[in-house]
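The block underneath contains the structure these notes are about, expressed in structure tokens.
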Amino acid sequence: MVAMNGLRSRRQLLKLMGVGGVGIAASCAGSVFGNAQSAQAAVASADKPVVSSLKRLVEGNSRFMEEKFQNPNRSLSRLKEVAQKQQPFAAVLSCADSRVPAEIIFDQGIGDIFDVRIAGNIATPEAIASLEYAAVKLDVPLIMVLGHERCGAVKAALAGEPLPGQISTLVKAIEPAIKNNSYLSDLNSSVLVNKAVEENIRYQIEKLQKESKVLADLVQKGKLKIRGGWYDLDTGEVCLVRDRMLPSCINY
């Protein structure tokens, strides 16, 4: 499950948010923004939209876990407000899984999150195009690639067995994340799937920037951040995925 790391210092938070670089950084969502106002003051003005967006996701997820729902922007008036124009504060590439609805687990509403959902949260050409639209046309400052515990698509990629119909295309999109990390073969079954999920999140983030010059340019210019998120099916907590050179933010 998720471990609470308690990163609260200014220096650690700057590193977490990726100021000065585009590397993936992380800690558990619930502990990162214990002092959200200080966090915003600590970063350069160019990063404030990203901090604000991530802060909203983190705080919403905390409300969800604590069952202190605000259910914002779910009224008929909100529906009419965004009917002609949308301005989401974040885009989320998540798995097409009935247990991982972004608006609910982040306690958001209509027009808040630009959802792209596909099994295995994979960066297909269609998913990339959708995220490019969100970043370029809707000025979304943050993209989160959100994987989840015990992902069935990742399990299928690990199993390597024949699959019916087009399901095999999902597996092929995940396989490089497994093959490029040979250490996975040394893990026991109790941690293998979840560690592979973590690597798949990283791989899909890398793929977004490698295969989309549009997104890569926005990241380079500091106008966009791409972060990885891990959703714990058992607790409802979202943890931000660390660089693989750092200790995992997840206790398996």
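Ordering of the structure tokens sets the chain letters (A, B, ...); residue numbers start at 1 within each chain; ligands are numbered from 1 in the order shown.
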Query raised in the report: Using only C-alpha atoms, which residues sit within 8 Å of range 182-184 of chain A once same-chain residues fewer than 5 positions away are excluded, as an NGL selection string?
Result: :A and (192 or 195-196)
Requested in this report: From a DSSP pass on the backbone, collect the residues of range 100-210 of chain A flagged as alpha helix (DSSP H) and hand them back as a PyMOL selection string.
Outcome: chain A and resi 102-105+125-136+152-159+167-179+189-210
With C-alpha atoms kept, could you save the residues just selected as a PDB file, in the first residue's frame?
ATOM      1  CA  ALA A 102     -11.063  10.501 -12.049  1.00  0.00           C
ATOM      2  CA  GLU A 103     -13.739  13.043 -11.101  1.00  0.00           C
ATOM      3  CA  ILE A 104     -14.790  10.944  -8.120  1.00  0.00           C
ATOM      4  CA  ILE A 105     -11.401   9.930  -6.705  1.00  0.00           C
ATOM      5  CA  PRO A 125      -1.708   7.924 -31.064  1.00  0.00           C
ATOM      6  CA  GLU A 126      -5.332   8.776 -30.280  1.00  0.00           C
ATOM      7  CA  ALA A 127      -4.581   9.332 -26.607  1.00  0.00           C
ATOM      8  CA  ILE A 128      -1.573  11.493 -27.455  1.00  0.00           C
ATOM      9  CA  ALA A 129      -3.643  13.565 -29.885  1.00  0.00           C
ATOM     10  CA  SER A 130      -6.296  14.075 -27.218  1.00  0.00           C
ATOM     11  CA  LEU A 131      -3.716  15.250 -24.699  1.00  0.00           C
ATOM     12  CA  GLU A 132      -2.131  17.541 -27.276  1.00  0.00           C
ATOM     13  CA  TYR A 133      -5.538  19.110 -27.767  1.00  0.00           C
ATOM     14  CA  ALA A 134      -5.916  19.607 -24.025  1.00  0.00           C
ATOM     15  CA  ALA A 135      -2.470  21.177 -23.734  1.00  0.00           C
ATOM     16  CA  VAL A 136      -2.553  23.357 -26.847  1.00  0.00           C
ATOM     17  CA  GLY A 152      -5.661  -6.254 -15.505  1.00  0.00           C
ATOM     18  CA  ALA A 153      -4.001  -4.971 -18.667  1.00  0.00           C
ATOM     19  CA  VAL A 154      -0.590  -5.130 -17.011  1.00  0.00           C
ATOM     20  CA  LYS A 155      -1.350  -8.613 -15.715  1.00  0.00           C
ATOM     21  CA  ALA A 156      -2.141  -9.690 -19.282  1.00  0.00           C
ATOM     22  CA  ALA A 157       1.142  -8.211 -20.536  1.00  0.00           C
ATOM     23  CA  LEU A 158       3.043 -10.145 -17.880  1.00  0.00           C
ATOM     24  CA  ALA A 159       1.218 -13.390 -18.686  1.00  0.00           C
ATOM     25  CA  ILE A 167      -7.180  -6.853 -26.678  1.00  0.00           C
ATOM     26  CA  SER A 168      -3.688  -7.885 -27.744  1.00  0.00           C
ATOM     27  CA  THR A 169      -2.997  -4.329 -28.934  1.00  0.00           C
ATOM     28  CA  LEU A 170      -3.230  -3.128 -25.335  1.00  0.00           C
ATOM     29  CA  VAL A 171      -0.718  -5.724 -24.229  1.00  0.00           C
ATOM     30  CA  LYS A 172       1.737  -4.799 -26.975  1.00  0.00           C
ATOM     31  CA  ALA A 173       1.664  -1.186 -25.802  1.00  0.00           C
ATOM     32  CA  ILE A 174       2.617  -2.242 -22.267  1.00  0.00           C
ATOM     33  CA  GLU A 175       5.194  -4.921 -23.059  1.00  0.00           C
ATOM     34  CA  PRO A 176       8.143  -2.504 -23.542  1.00  0.00           C
ATOM     35  CA  ALA A 177       7.710  -1.288 -19.962  1.00  0.00           C
ATOM     36  CA  ILE A 178       8.241  -4.877 -18.836  1.00  0.00           C
ATOM     37  CA  LYS A 179      10.950  -5.924 -21.278  1.00  0.00           C
ATOM     38  CA  SER A 189       4.253 -12.719  -7.733  1.00  0.00           C
ATOM     39  CA  SER A 190       2.977 -10.713  -4.764  1.00  0.00           C
ATOM     40  CA  VAL A 191       4.798  -7.574  -5.898  1.00  0.00           C
ATOM     41  CA  LEU A 192       5.398  -8.226  -9.599  1.00  0.00           C
ATOM     42  CA  VAL A 193       2.142  -6.867 -11.007  1.00  0.00           C
ATOM     43  CA  ASN A 194       2.155  -3.697  -8.964  1.00  0.00           C
ATOM     44  CA  LYS A 195       5.809  -2.980  -9.709  1.00  0.00           C
ATOM     45  CA  ALA A 196       5.090  -3.536 -13.400  1.00  0.00           C
ATOM     46  CA  VAL A 197       2.201  -1.073 -13.119  1.00  0.00           C
ATOM     47  CA  GLU A 198       4.635   1.483 -11.737  1.00  0.00           C
ATOM     48  CA  GLU A 199       7.072   0.910 -14.598  1.00  0.00           C
ATOM     49  CA  ASN A 200       4.264   1.156 -17.128  1.00  0.00           C
ATOM     50  CA  ILE A 201       3.316   4.581 -15.780  1.00  0.00           C
ATOM     51  CA  ARG A 202       6.896   5.761 -16.266  1.00  0.00           C
ATOM     52  CA  TYR A 203       7.098   4.226 -19.718  1.00  0.00           C
ATOM     53  CA  GLN A 204       3.890   5.890 -20.910  1.00  0.00           C
ATOM     54  CA  ILE A 205       5.124   9.273 -19.658  1.00  0.00           C
ATOM     55  CA  GLU A 206       8.368   8.796 -21.550  1.00  0.00           C
ATOM     56  CA  LYS A 207       6.401   7.782 -24.624  1.00  0.00           C
ATOM     57  CA  LEU A 208       4.237  10.904 -24.461  1.00  0.00           C
ATOM     58  CA  GLN A 209       7.283  13.125 -24.619  1.00  0.00           C
ATOM     59  CA  LYS A 210       9.144  10.976 -27.125  1.00  0.00           C
TER      60      LYS A 210
END
Requested in this report: From the DSSP assignment of the backbone, select every residue of range 84-114 of chain A that is strand (DSSP E), and format the answer as a VMD selection string.
Outcome: chain A and resid 90 to 94 113 to 114
Query raised in the report: Which residues, written as a ChimeraX atom specification, have at least one atom at most 7 Å from Asp232 in chain A, with only C-alpha atoms counted and residues fewer than 4 positions away on the same chain left out?
Result: /A:1,148-149,236-238
Report task. In Å, rounded to a single decimal, give me how far CA of Gly120 in chain A is from CA of Gly147 in chain A. Result -> 7.1 Å
If you take only C-alpha atoms and a cut-off of 9 Å, which residues of range 132-236 of chain A touch range 78-89 of chain A, and what are their nearest atom pairs and distances in Å to one decimal, in chain and number order, as JSON lines?
{"residue": "A:Ala134", "atom": "CA", "partner": "A:Pro88", "partner_atom": "CA", "distance": 8.3}
{"residue": "A:Leu138", "atom": "CA", "partner": "A:Gln87", "partner_atom": "CA", "distance": 6.0}
{"residue": "A:Asp139", "atom": "CA", "partner": "A:Gln87", "partner_atom": "CA", "distance": 7.8}
{"residue": "A:Val140", "atom": "CA", "partner": "A:Phe89", "partner_atom": "CA", "distance": 5.8}
{"residue": "A:Pro141", "atom": "CA", "partner": "A:Phe89", "partner_atom": "CA", "distance": 7.1}
{"residue": "A:Leu142", "atom": "CA", "partner": "A:Phe89", "partner_atom": "CA", "distance": 7.5}
**Report entry** Pick from A:Ile110, A:Leu218, A:Val50, A:Leu57 nearest to Ser77 in chain A, counting only C-alpha atoms
**Finding:** A:Ile110
